[in-house]
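Listing of query.pdb, PDB, C-alpha atoms
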MODEL        1
ATOM      1  CA  MET Q   1      22.990 -19.461 -45.200
ATOM      2  CA  ALA Q   2      24.980 -22.276 -43.748
ATOM      3  CA  GLU Q   3      23.470 -25.641 -43.024
ATOM      4  CA  LYS Q   4      22.650 -26.459 -39.456
ATOM      5  CA  GLU Q   5      25.587 -28.118 -37.746
ATOM      6  CA  LYS Q   6      25.366 -31.157 -35.504
ATOM      7  CA  ASP Q   7      26.846 -29.308 -32.530
ATOM      8  CA  ALA Q   8      24.705 -26.184 -32.993
ATOM      9  CA  LEU Q   9      24.255 -24.066 -29.879
ATOM     10  CA  ASP Q  10      20.904 -23.997 -28.156
ATOM     11  CA  PRO Q  11      19.304 -20.516 -27.777
ATOM     12  CA  ARG Q  12      19.979 -20.228 -24.050
ATOM     13  CA  THR Q  13      23.694 -21.025 -24.490
ATOM     14  CA  SER Q  14      23.812 -18.614 -27.434
ATOM     15  CA  LEU Q  15      22.561 -15.836 -25.189
ATOM     16  CA  GLU Q  16      25.156 -16.685 -22.540
ATOM     17  CA  VAL Q  17      27.925 -16.673 -25.170
ATOM     18  CA  ILE Q  18      26.782 -13.260 -26.420
ATOM     19  CA  ARG Q  19      26.682 -11.811 -22.891
ATOM     20  CA  GLU Q  20      30.111 -13.172 -21.943
ATOM     21  CA  VAL Q  21      31.830 -12.100 -25.162
ATOM     22  CA  ILE Q  22      30.306  -8.614 -25.185
ATOM     23  CA  GLU Q  23      31.466  -8.090 -21.597
ATOM     24  CA  LEU Q  24      34.949  -9.269 -22.586
ATOM     25  CA  ALA Q  25      35.015  -7.008 -25.642
ATOM     26  CA  LYS Q  26      33.905  -4.007 -23.574
ATOM     27  CA  LYS Q  27      36.860  -4.542 -21.223
ATOM     28  CA  SER Q  28      39.301  -4.930 -24.106
ATOM     29  CA  THR Q  29      38.230  -1.751 -25.833
ATOM     30  CA  GLN Q  30      38.552   0.348 -22.699
ATOM     31  CA  GLU Q  31      41.228   2.969 -22.272
ATOM     32  CA  ASN Q  32      43.210   3.060 -19.044
ATOM     33  CA  GLY Q  33      43.263   6.864 -18.802
ATOM     34  CA  PHE Q  34      47.068   7.089 -19.049
ATOM     35  CA  HIS Q  35      47.076   9.941 -21.578
ATOM     36  CA  PHE Q  36      44.492  11.923 -19.630
ATOM     37  CA  LEU Q  37      46.572  11.598 -16.465
ATOM     38  CA  LEU Q  38      49.836  12.421 -18.218
ATOM     39  CA  TRP Q  39      48.562  15.474 -20.110
ATOM     40  CA  GLY Q  40      46.424  16.597 -17.192
ATOM     41  CA  VAL Q  41      49.516  16.755 -14.972
ATOM     42  CA  VAL Q  42      51.692  18.296 -17.722
ATOM     43  CA  ILE Q  43      49.191  21.056 -18.608
ATOM     44  CA  THR Q  44      48.311  21.856 -14.984
ATOM     45  CA  ALA Q  45      52.011  22.033 -14.033
ATOM     46  CA  SER Q  46      52.861  24.166 -17.089
ATOM     47  CA  ALA Q  47      49.968  26.571 -16.461
ATOM     48  CA  LEU Q  48      50.793  26.996 -12.751
ATOM     49  CA  THR Q  49      54.556  27.407 -13.319
ATOM     50  CA  ASN Q  50      53.916  29.925 -16.104
ATOM     51  CA  TRP Q  51      51.473  31.842 -13.879
ATOM     52  CA  TYR Q  52      53.990  31.888 -11.017
ATOM     53  CA  LEU Q  53      56.880  33.054 -13.219
ATOM     54  CA  LEU Q  54      54.668  35.733 -14.783
ATOM     55  CA  ASN Q  55      53.256  37.117 -11.552
ATOM     56  CA  ALA Q  56      55.814  36.490  -8.833
ATOM     57  CA  THR Q  57      59.223  36.738 -10.552
ATOM     58  CA  ASP Q  58      61.083  38.860 -13.079
ATOM     59  CA  ALA Q  59      61.697  35.873 -15.371
ATOM     60  CA  LYS Q  60      62.447  36.993 -18.912
ATOM     61  CA  GLN Q  61      60.967  33.878 -20.483
ATOM     62  CA  PRO Q  62      57.968  32.928 -18.342
ATOM     63  CA  TRP Q  63      56.562  30.873 -21.233
ATOM     64  CA  LEU Q  64      59.448  28.368 -20.995
ATOM     65  CA  PRO Q  65      57.429  25.813 -18.927
ATOM     66  CA  TRP Q  66      55.035  25.588 -21.905
ATOM     67  CA  LEU Q  67      57.952  24.460 -24.021
ATOM     68  CA  ILE Q  68      59.811  22.130 -21.647
ATOM     69  CA  LEU Q  69      56.987  20.272 -19.874
ATOM     70  CA  PRO Q  70      54.862  19.426 -22.971
ATOM     71  CA  LEU Q  71      58.056  18.289 -24.733
ATOM     72  CA  MET Q  72      58.752  15.913 -21.838
ATOM     73  CA  GLY Q  73      55.101  14.832 -21.909
ATOM     74  CA  GLY Q  74      55.316  14.155 -25.655
ATOM     75  CA  ILE Q  75      58.404  11.970 -25.214
ATOM     76  CA  THR Q  76      56.739  10.054 -22.354
ATOM     77  CA  ALA Q  77      53.574   9.506 -24.434
ATOM     78  CA  LEU Q  78      55.608   8.246 -27.411
ATOM     79  CA  VAL Q  79      57.626   5.841 -25.231
ATOM     80  CA  TYR Q  80      54.398   4.586 -23.616
ATOM     81  CA  GLU Q  81      52.737   3.934 -26.972
ATOM     82  CA  TRP Q  82      55.885   2.287 -28.342
ATOM     83  CA  ARG Q  83      56.072  -0.045 -25.339
ATOM     84  CA  ARG Q  84      52.350  -0.770 -25.551
ATOM     85  CA  GLU Q  85      52.661  -1.760 -29.189
ATOM     86  CA  ARG Q  86      55.809  -3.754 -28.483
ATOM     87  CA  GLY Q  87      53.999  -5.555 -25.665
ATOM     88  CA  GLY Q  88      51.662  -6.974 -28.289
ATOM     89  CA  ARG Q  89      48.605  -5.007 -27.205
ATOM     90  CA  SER Q  90      46.500  -4.846 -30.300
ATOM     91  CA  GLN Q  91      44.983  -1.672 -31.570
ATOM     92  CA  ASN Q  92      41.210  -1.625 -31.524
ATOM     93  CA  ILE Q  93      39.050   0.767 -33.509
ATOM     94  CA  ILE Q  94      37.948   2.772 -30.445
ATOM     95  CA  HIS Q  95      41.591   3.383 -29.529
ATOM     96  CA  LYS Q  96      42.295   4.320 -33.143
ATOM     97  CA  TRP Q  97      39.417   6.840 -33.360
ATOM     98  CA  TYR Q  98      40.262   8.270 -29.968
ATOM     99  CA  GLY Q  99      43.893   8.728 -31.094
ATOM    100  CA  LEU Q 100      42.728  10.394 -34.317
ATOM    101  CA  VAL Q 101      40.571  12.897 -32.409
ATOM    102  CA  TRP Q 102      43.617  14.065 -30.448
ATOM    103  CA  LEU Q 103      45.785  13.987 -33.565
ATOM    104  CA  GLY Q 104      43.281  16.343 -35.213
ATOM    105  CA  PHE Q 105      43.370  18.506 -32.083
ATOM    106  CA  LEU Q 106      47.123  19.157 -32.427
ATOM    107  CA  PRO Q 107      47.138  21.260 -35.653
ATOM    108  CA  CYS Q 108      44.080  23.175 -34.364
ATOM    109  CA  LEU Q 109      46.003  23.888 -31.165
ATOM    110  CA  ALA Q 110      49.139  24.996 -33.040
ATOM    111  CA  VAL Q 111      47.196  27.340 -35.371
ATOM    112  CA  ALA Q 112      45.096  28.758 -32.504
ATOM    113  CA  ILE Q 113      48.205  29.508 -30.412
ATOM    114  CA  PHE Q 114      49.994  31.039 -33.414
ATOM    115  CA  PHE Q 115      47.081  33.370 -34.225
ATOM    116  CA  SER Q 116      46.463  34.367 -30.618
ATOM    117  CA  VAL Q 117      50.129  35.198 -29.977
ATOM    118  CA  ARG Q 118      50.399  37.099 -33.285
ATOM    119  CA  GLU Q 119      47.323  39.159 -32.408
ATOM    120  CA  GLY Q 120      48.602  39.773 -28.893
ATOM    121  CA  LEU Q 121      45.765  37.804 -27.288
ATOM    122  CA  SER Q 122      45.852  35.149 -24.577
ATOM    123  CA  PRO Q 123      45.591  31.700 -26.224
ATOM    124  CA  THR Q 124      44.013  30.164 -23.078
ATOM    125  CA  PRO Q 125      40.268  30.528 -23.939
ATOM    126  CA  VAL Q 126      40.591  29.063 -27.416
ATOM    127  CA  VAL Q 127      42.894  26.254 -26.194
ATOM    128  CA  LEU Q 128      40.312  25.379 -23.523
ATOM    129  CA  LEU Q 129      37.519  25.405 -26.124
ATOM    130  CA  LEU Q 130      39.423  23.037 -28.399
ATOM    131  CA  ALA Q 131      40.353  20.757 -25.483
ATOM    132  CA  ALA Q 132      36.705  20.759 -24.359
ATOM    133  CA  PHE Q 133      35.540  19.562 -27.763
ATOM    134  CA  ALA Q 134      38.188  16.811 -28.009
ATOM    135  CA  THR Q 135      37.467  15.699 -24.416
ATOM    136  CA  PHE Q 136      33.726  15.592 -25.120
ATOM    137  CA  VAL Q 137      34.229  13.459 -28.263
ATOM    138  CA  SER Q 138      36.639  11.179 -26.334
ATOM    139  CA  GLY Q 139      33.948  10.733 -23.688
ATOM    140  CA  ILE Q 140      31.466   9.667 -26.371
ATOM    141  CA  LEU Q 141      33.940   7.256 -28.002
ATOM    142  CA  LEU Q 142      35.018   5.706 -24.709
ATOM    143  CA  GLN Q 143      31.427   5.754 -23.432
ATOM    144  CA  PHE Q 144      32.588   7.451 -20.263
ATOM    145  CA  ALA Q 145      30.200  10.072 -18.880
ATOM    146  CA  PRO Q 146      32.698  11.829 -16.510
ATOM    147  CA  LEU Q 147      34.715  12.883 -19.575
ATOM    148  CA  MET Q 148      31.609  14.284 -21.255
ATOM    149  CA  TRP Q 149      30.688  16.177 -18.084
ATOM    150  CA  GLY Q 150      34.329  17.137 -17.560
ATOM    151  CA  SER Q 151      34.406  18.994 -20.849
ATOM    152  CA  SER Q 152      31.866  21.473 -19.434
ATOM    153  CA  PHE Q 153      34.506  22.643 -16.913
ATOM    154  CA  LEU Q 154      36.762  23.411 -19.879
ATOM    155  CA  TRP Q 155      33.975  25.347 -21.639
ATOM    156  CA  LEU Q 156      33.256  27.235 -18.402
ATOM    157  CA  GLY Q 157      36.973  27.968 -18.000
ATOM    158  CA  ALA Q 158      37.072  29.469 -21.510
ATOM    159  CA  LEU Q 159      34.082  31.656 -20.631
ATOM    160  CA  LEU Q 160      35.613  32.687 -17.308
ATOM    161  CA  CYS Q 161      38.720  33.957 -19.141
ATOM    162  CA  LEU Q 162      36.565  36.820 -20.476
ATOM    163  CA  PHE Q 163      36.209  38.142 -16.916
ATOM    164  CA  VAL Q 164      39.751  37.511 -15.658
ATOM    165  CA  PHE Q 165      42.917  39.471 -16.450
ATOM    166  CA  PRO Q 166      45.066  37.615 -19.008
ATOM    167  CA  GLN Q 167      48.006  37.305 -16.574
ATOM    168  CA  HIS Q 168      45.786  35.084 -14.419
ATOM    169  CA  HIS Q 169      44.538  32.868 -17.249
ATOM    170  CA  GLY Q 170      47.107  30.248 -16.170
ATOM    171  CA  LEU Q 171      45.184  29.762 -12.924
ATOM    172  CA  VAL Q 172      41.892  29.382 -14.798
ATOM    173  CA  MET Q 173      43.471  26.861 -17.142
ATOM    174  CA  ALA Q 174      44.995  24.841 -14.275
ATOM    175  CA  ALA Q 175      41.647  24.687 -12.455
ATOM    176  CA  ALA Q 176      39.679  23.790 -15.616
ATOM    177  CA  ILE Q 177      42.146  21.067 -16.636
ATOM    178  CA  LEU Q 178      42.246  19.678 -13.099
ATOM    179  CA  LEU Q 179      38.457  19.341 -12.901
ATOM    180  CA  GLY Q 180      37.570  18.711 -16.518
ATOM    181  CA  TYR Q 181      40.423  16.540 -17.699
ATOM    182  CA  LEU Q 182      42.654  15.183 -14.939
ATOM    183  CA  ALA Q 183      39.826  14.150 -12.584
ATOM    184  CA  PRO Q 184      37.851  12.229 -15.278
ATOM    185  CA  GLY Q 185      41.175  10.673 -16.420
ATOM    186  CA  TRP Q 186      41.806   9.446 -12.882
ATOM    187  CA  MET Q 187      38.255   8.044 -12.745
ATOM    188  CA  LEU Q 188      38.840   6.294 -16.065
ATOM    189  CA  GLN Q 189      41.997   4.707 -14.670
ATOM    190  CA  GLN Q 190      40.160   3.580 -11.544
ATOM    191  CA  ARG Q 191      37.441   1.982 -13.684
ATOM    192  CA  ALA Q 192      40.019   0.170 -15.812
ATOM    193  CA  ARG Q 193      41.870  -1.066 -12.689
ATOM    194  CA  LYS Q 194      38.662  -2.288 -11.108
ATOM    195  CA  GLN Q 195      37.553  -4.153 -14.220
ATOM    196  CA  HIS Q 196      40.931  -5.672 -15.021
ATOM    197  CA  GLY Q 197      41.457  -6.718 -11.407
TER     198      GLY Q 197
ATOM    199  CA  MET N   1      14.889 -24.991 -32.612
ATOM    200  CA  ASP N   2      13.571 -21.721 -34.030
ATOM    201  CA  GLU N   3      13.944 -21.589 -37.812
ATOM    202  CA  ARG N   4      14.499 -17.806 -37.685
ATOM    203  CA  LEU N   5      17.855 -18.317 -35.927
ATOM    204  CA  ASP N   6      20.670 -17.903 -38.435
ATOM    205  CA  PRO N   7      22.414 -21.339 -38.479
ATOM    206  CA  LEU N   8      25.717 -19.672 -39.280
ATOM    207  CA  LEU N   9      25.643 -17.998 -35.873
ATOM    208  CA  LEU N  10      24.600 -21.129 -34.011
ATOM    209  CA  SER N  11      28.247 -22.057 -33.591
ATOM    210  CA  GLN N  12      29.997 -20.974 -30.401
ATOM    211  CA  LEU N  13      33.140 -19.713 -32.115
ATOM    212  CA  ARG N  14      31.429 -17.886 -34.980
ATOM    213  CA  LEU N  15      28.934 -16.301 -32.573
ATOM    214  CA  SER N  16      31.771 -15.280 -30.221
ATOM    215  CA  VAL N  17      33.665 -13.661 -33.086
ATOM    216  CA  ILE N  18      30.630 -11.717 -34.321
ATOM    217  CA  ALA N  19      29.607 -10.663 -30.782
ATOM    218  CA  TYR N  20      33.171  -9.510 -30.067
ATOM    219  CA  LEU N  21      33.295  -7.546 -33.308
ATOM    220  CA  MET N  22      29.921  -5.949 -32.544
ATOM    221  CA  VAL N  23      31.685  -4.060 -29.748
ATOM    222  CA  ALA N  24      35.253  -3.765 -31.067
ATOM    223  CA  ARG N  25      34.188  -3.365 -34.750
ATOM    224  CA  GLU N  26      37.597  -4.635 -35.845
ATOM    225  CA  ALA N  27      40.240  -6.839 -34.274
ATOM    226  CA  GLU N  28      43.483  -8.521 -35.139
ATOM    227  CA  PHE N  29      43.468 -12.283 -35.700
ATOM    228  CA  ASN N  30      45.647 -12.871 -32.622
ATOM    229  CA  GLU N  31      43.357 -10.802 -30.445
ATOM    230  CA  LEU N  32      40.359 -12.887 -31.558
ATOM    231  CA  LYS N  33      42.351 -16.060 -30.994
ATOM    232  CA  GLU N  34      43.262 -14.959 -27.476
ATOM    233  CA  LYS N  35      39.766 -13.765 -26.546
ATOM    234  CA  THR N  36      37.893 -16.776 -27.917
ATOM    235  CA  GLY N  37      40.466 -19.352 -26.809
ATOM    236  CA  ALA N  38      40.265 -21.001 -30.252
ATOM    237  CA  THR N  39      43.110 -22.642 -32.128
ATOM    238  CA  ALA N  40      44.514 -20.727 -35.101
ATOM    239  CA  GLY N  41      43.288 -23.375 -37.551
ATOM    240  CA  ASN N  42      39.727 -23.474 -36.233
ATOM    241  CA  LEU N  43      39.487 -19.699 -36.004
ATOM    242  CA  SER N  44      40.787 -19.348 -39.528
ATOM    243  CA  ALA N  45      38.208 -21.846 -40.841
ATOM    244  CA  GLN N  46      35.307 -20.143 -39.050
ATOM    245  CA  LEU N  47      36.446 -16.704 -40.185
ATOM    246  CA  SER N  48      36.435 -17.948 -43.765
ATOM    247  CA  LYS N  49      32.798 -19.048 -43.362
ATOM    248  CA  LEU N  50      31.855 -15.665 -41.899
ATOM    249  CA  SER N  51      33.732 -13.915 -44.672
ATOM    250  CA  GLU N  52      32.010 -16.014 -47.382
ATOM    251  CA  ALA N  53      28.648 -14.999 -45.904
ATOM    252  CA  GLY N  54      29.760 -11.363 -46.047
ATOM    253  CA  TYR N  55      29.567 -10.966 -42.248
ATOM    254  CA  VAL N  56      33.235 -10.038 -41.831
ATOM    255  CA  GLU N  57      35.871  -8.498 -44.025
ATOM    256  CA  ILE N  58      39.396  -9.848 -43.686
ATOM    257  CA  THR N  59      42.386  -7.684 -44.560
ATOM    258  CA  LYS N  60      45.870  -9.135 -44.722
ATOM    259  CA  THR N  61      48.676  -6.672 -44.298
ATOM    260  CA  PHE N  62      52.106  -6.330 -42.644
ATOM    261  CA  ARG N  63      53.325  -4.676 -39.470
ATOM    262  CA  LYS N  64      57.084  -4.352 -39.157
ATOM    263  CA  ASN N  65      57.574  -7.175 -41.669
ATOM    264  CA  TYR N  66      55.233  -9.507 -39.767
ATOM    265  CA  PRO N  67      51.960 -10.594 -41.387
ATOM    266  CA  LEU N  68      48.928  -9.021 -39.781
ATOM    267  CA  THR N  69      45.324 -10.133 -40.306
ATOM    268  CA  ILE N  70      42.588  -7.680 -39.421
ATOM    269  CA  CYS N  71      38.961  -8.764 -39.181
ATOM    270  CA  ARG N  72      36.254  -6.166 -39.493
ATOM    271  CA  ILE N  73      32.513  -6.644 -39.102
ATOM    272  CA  THR N  74      30.489  -5.531 -42.152
ATOM    273  CA  PRO N  75      27.037  -3.877 -42.191
ATOM    274  CA  THR N  76      25.649  -7.305 -43.290
ATOM    275  CA  GLY N  77      27.296  -8.874 -40.231
ATOM    276  CA  ILE N  78      25.857  -6.207 -37.937
ATOM    277  CA  GLN N  79      22.376  -6.764 -39.380
ATOM    278  CA  ALA N  80      22.755 -10.547 -39.089
ATOM    279  CA  PHE N  81      23.742 -10.259 -35.419
ATOM    280  CA  GLU N  82      20.876  -7.876 -34.653
ATOM    281  CA  ASP N  83      18.369 -10.192 -36.381
ATOM    282  CA  PHE N  84      19.856 -13.200 -34.569
ATOM    283  CA  TYR N  85      19.664 -11.473 -31.201
ATOM    284  CA  SER N  86      16.095 -10.361 -31.733
ATOM    285  CA  ALA N  87      15.011 -13.850 -32.922
ATOM    286  CA  LEU N  88      16.802 -15.348 -29.921
ATOM    287  CA  SER N  89      15.077 -13.012 -27.471
ATOM    288  CA  SER N  90      11.624 -13.686 -28.904
ATOM    289  CA  TYR N  91      12.292 -17.472 -28.938
ATOM    290  CA  LEU N  92      13.314 -17.385 -25.255
ATOM    291  CA  ASP N  93      10.325 -15.193 -24.353
ATOM    292  CA  GLN N  94       7.985 -17.641 -26.078
ATOM    293  CA  ALA N  95       9.646 -20.545 -24.295
ATOM    294  CA  LYS N  96       9.245 -18.761 -20.955
ATOM    295  CA  THR N  97       5.547 -18.090 -21.616
ATOM    296  CA  HIS N  98       5.058 -21.726 -22.615
ATOM    297  CA  ILE N  99       6.691 -22.999 -19.404
ATOM    298  CA  HIS N 100       4.614 -20.544 -17.380
ATOM    299  CA  LYS N 101       1.359 -21.782 -18.975
ATOM    300  CA  GLU N 102       2.108 -25.484 -19.117
ATOM    301  CA  GLY N 103       4.463 -25.777 -16.167
ATOM    302  CA  PRO N 104       7.926 -27.375 -16.394
ATOM    303  CA  HIS N 105       8.016 -30.970 -17.682
TER     304      HIS N 105
ENDMDL
END
Now that the file is in, can you turn its structure into C-alpha cells?
Amino acid sequence: MAEKEKDALDPRTSLEVIREVIELAKKSTQENGFHFLLWGVVITASALTNWYLLNATDAKQPWLPWLILPLMGGITALVYEWRRERGGRSQNIIHKWYGLVWLGFLPCLAVAIFFSVREGLSPTPVVLLLAAFATFVSGILLQFAPLMWGSSFLWLGALLCLFVFPQHHGLVMAAAILLGYLAPGWMLQQRARKQHG
Amino acid sequence: MDERLDPLLLSQLRLSVIAYLMVAREAEFNELKEKTGATAGNLSAQLSKLSEAGYVEITKTFRKNYPLTICRITPTGIQAFEDFYSALSSYLDQAKTHIHKEGPH
C-alpha cells in the first residue's frame, strides 16, 4: 500500500469525486441509439415493401427490398462507425460487447434464413426470435429497460407468425420491429440527447 | 482519518481513474486524460502507481500506426474500490452519528 500523501483527500471529498466521476463515466459509456434507429427503419421499410410487392403487385422478385435496403443500411452503418472512430471517439468495453452481440447475431441470421428458405418456410419467426435475444442482451449491456421490454414484442411477433399466413408475415415483422426495436431505439436516443445536452 | 481507507485511493486523480474504470471497465489513455482533466505526465505517473499495486492493467498497442494505451481495471482494483467505498461510507456514517450525539463544534 502506498504511503499517505500530504494532499490526501478527505472522506467527504472522496465521496464527491466518486459520485461525479461515476456519473461522467455512465454518460460516456452510453449508446446514442443510432444503430437501433437505422436498422429499425431499414427492417420496417423492407418488411412493408416486401409485403406490398407480394400481396398487391405481380412483382417477380418481391424479395428485392430485403437485398437493397439492408445493403444501404450496412453501408450507412459502416460510414457512421468509420466517422465515429475518425472523430476520435474512443471505444469503451460496453460498446465493444454490444457490437460483438450483433456481430454474433449476423451468422445466426444468415444460417437461419438459408435453412428456412431451403425448407420452404418463412424465415420471419426465427429472425424475430434471434433479434429478440440480441435486443434483450443489448438492453442488459446498455442498462436500458425499454430495450429489454422491447424484446418481448419481438418474441410475441414470432409467436403470432404461427397464426398468420406466411404472406402476411411482413406485416407482423414490421409491427414487432417498430414496437420492440425502433421505439426503444428512439427512447435511447432521447435519453442520450437529454444527458449530453 | 480512518486507517481502513486505502491511501492509494486517497488521491483525487487515482480515485477518479479507478471510479471511472469501475463503470467503463477499460478506457484509452486519452479518454482518461480528457475525463479527469489531468496532464499526460501526471496521469501517466498515477497510472504507474495503480499498475504497480495491481489495480489496473496497462496495454500498449497501435491503432493505424499510432500508439494506443489501454487501461483496464483488474479484479484486485475492483475489490480495492469496493473496500474503499464501504470503508468511506461507514466512516461518514460514524462521523454523522458523532455530530448528531455531540452536536457540531
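Compared by their closest atoms to chain Q, and using only C-alpha atoms, the residues N:Val56, N:Ile78, N:Ala45, N:Leu92 rank with N:Leu92 nearest.
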**OP:** Just the residues within 8 Å of Glu26 of chain N, please, counting all atoms listed in the file, with nothing from its chain fewer than 6 positions along; format it as a PyMOL selection string.
**Re:** (chain Q and resi 92-93) or (chain N and resi 70-73)
Subject >> Picked residues, the PyMOL selection byres ((chain N and resi 20) around 10), as a list in words >> reply: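 That expression, the PyMOL selection byres ((chain N and resi 20) around 10), corresponds here to Ile18, Arg19, Glu20, Val21, Ile22, Glu23, Leu24, Ala25, Lys26 and Ser28 of chain Q; Arg14, Leu15, Ser16, Val17, Ile18, Ala19, Leu21, Met22, Val23, Ala24, Arg25, Glu26, Ala27, Leu32, Lys35, Thr36 and Ile73 of chain N.
Between atom CA of Trp186 of chain Q and atom CA of Gly40 of chain Q the interatomic distance comes to 9.5 Å.
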Subject >> Gap from atom CA of Thr76 of chain N to atom CA of Asp6 of chain N - Å, one decimal >> reply: 12.7 Å
Subject >> Which of Q:Thr76, Q:Ser116, Q:Met173, Q:Cys161 sits closest to Ser46 of chain Q [using only C-alpha atoms] >> reply: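 Ranking Q:Thr76, Q:Ser116, Q:Met173, Q:Cys161 by distance to Ser46 of chain Q, first place goes to Q:Met173.
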Original post:
Any idea what's packed within 10 Å of Ala110 of chain Q, counting all atoms listed in the file, ignoring anything in its chain fewer than 5 positions away? Could you give it as number ranges by chain?
Top reply: Q: 105, 115, 127
**OP:** Name every residue that the PyMOL selection byres ((chain Q and resi 159) around 12) selects in this structure, writing the answer as a PyMOL selection string with chains first and numbers rising.
**Re:** chain Q and resi 124-129+132+152-158+160-164+169+172-173+176
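Between chain N and the residues Q:Leu53, Q:Leu182, Q:Ile68, Q:Leu141, the shortest atom-to-atom distance, using only C-alpha atoms, involves Q:Leu141.
Ranking Q:Gly33, Q:Gly120, Q:Gly170, Q:Gly180 by their shortest atom-to-atom distance to Trp149 of chain Q, with all atoms listed in the file included, puts Q:Gly180 first.
Of the listed residues N:Leu68, N:Leu8, N:Leu43, N:Ala38, the one whose atoms come nearest to chain Q is N:Leu8, with distances taken using only C-alpha atoms.
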Original post:
Nearest to Ile58 of chain N: which of N:Phe84, N:Gln79, N:Glu28, N:Leu5 is it, counting only C-alpha atoms?
Top reply: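 Closest to Ile58 of chain N of all the choices is N:Glu28.
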Original post:
the PyMOL selection byres ((chain N and resi 53) around 10) on the file shown: which residues, as a ChimeraX atom specification?
Top reply: /Q:1-2 /N:8,47-52,54-57,76-77
Listed atoms of segment 23-40 of chain N, axis-aligned box, 6 Å per side: centre and edge lengths to one decimal in Å, as AutoDock Vina command-line options?
--center_x 38.7 --center_y -13.0 --center_z -31.2 --size_x 26.0 --size_y 31.3 --size_z 21.3
Original post:
What is the distance between atom CA of Lys60 of chain N and atom CA of Asn30 of chain N, in Å to one decimal?
Top reply: 12.7 Å
**OP:** Would you list the contacts of Ala59 of chain Q as a VMD selection string, taking every protein, DNA or RNA residue within 12 Å and counting only C-alpha atoms, but skipping same-chain residues closer than 6 positions in sequence?
**Re:** chain Q and resid 49 to 53 65
N, CA and C atoms for segment 43-60 of chain Q, written as a short mmCIF file (atom, residue, chain, number, x, y, z; two decimals), in the frame of the given file, could you do that?
data_model
loop_
_atom_site.label_atom_id
_atom_site.label_comp_id
_atom_site.auth_asym_id
_atom_site.auth_seq_id
_atom_site.Cartn_x
_atom_site.Cartn_y
_atom_site.Cartn_z
N ILE Q 43 49.82 19.75 -18.33
CA ILE Q 43 49.19 21.06 -18.61
C ILE Q 43 48.97 21.84 -17.31
N THR Q 44 48.52 21.15 -16.26
CA THR Q 44 48.31 21.86 -14.98
C THR Q 44 49.64 22.41 -14.47
N ALA Q 45 50.69 21.59 -14.51
CA ALA Q 45 52.01 22.03 -14.03
C ALA Q 45 52.53 23.19 -14.89
N SER Q 46 52.38 23.10 -16.21
CA SER Q 46 52.86 24.17 -17.09
C SER Q 46 52.11 25.47 -16.81
N ALA Q 47 50.79 25.37 -16.68
CA ALA Q 47 49.97 26.57 -16.46
C ALA Q 47 50.33 27.24 -15.12
N LEU Q 48 50.49 26.43 -14.07
CA LEU Q 48 50.79 27.00 -12.75
C LEU Q 48 52.20 27.59 -12.71
N THR Q 49 53.18 26.89 -13.32
CA THR Q 49 54.56 27.41 -13.32
C THR Q 49 54.62 28.71 -14.11
N ASN Q 50 53.94 28.73 -15.27
CA ASN Q 50 53.92 29.92 -16.10
C ASN Q 50 53.27 31.09 -15.34
N TRP Q 51 52.17 30.79 -14.66
CA TRP Q 51 51.47 31.84 -13.88
C TRP Q 51 52.39 32.38 -12.77
N TYR Q 52 53.10 31.48 -12.11
CA TYR Q 52 53.99 31.89 -11.02
C TYR Q 52 55.14 32.76 -11.56
N LEU Q 53 55.76 32.31 -12.65
CA LEU Q 53 56.88 33.05 -13.22
C LEU Q 53 56.43 34.44 -13.70
N LEU Q 54 55.21 34.49 -14.22
CA LEU Q 54 54.67 35.73 -14.78
C LEU Q 54 54.30 36.73 -13.69
N ASN Q 55 53.79 36.23 -12.58
CA ASN Q 55 53.26 37.12 -11.55
C ASN Q 55 54.15 37.30 -10.33
N ALA Q 56 55.05 36.38 -10.08
CA ALA Q 56 55.81 36.49 -8.83
C ALA Q 56 57.32 36.62 -9.07
N THR Q 57 57.78 36.62 -10.30
CA THR Q 57 59.22 36.74 -10.55
C THR Q 57 59.46 37.72 -11.71
N ASP Q 58 60.73 37.99 -11.94
CA ASP Q 58 61.08 38.86 -13.08
C ASP Q 58 61.60 38.02 -14.25
N ALA Q 59 61.19 36.78 -14.31
CA ALA Q 59 61.70 35.87 -15.37
C ALA Q 59 61.48 36.48 -16.75
N LYS Q 60 62.55 36.39 -17.58
CA LYS Q 60 62.45 36.99 -18.91
C LYS Q 60 61.68 36.09 -19.88
#
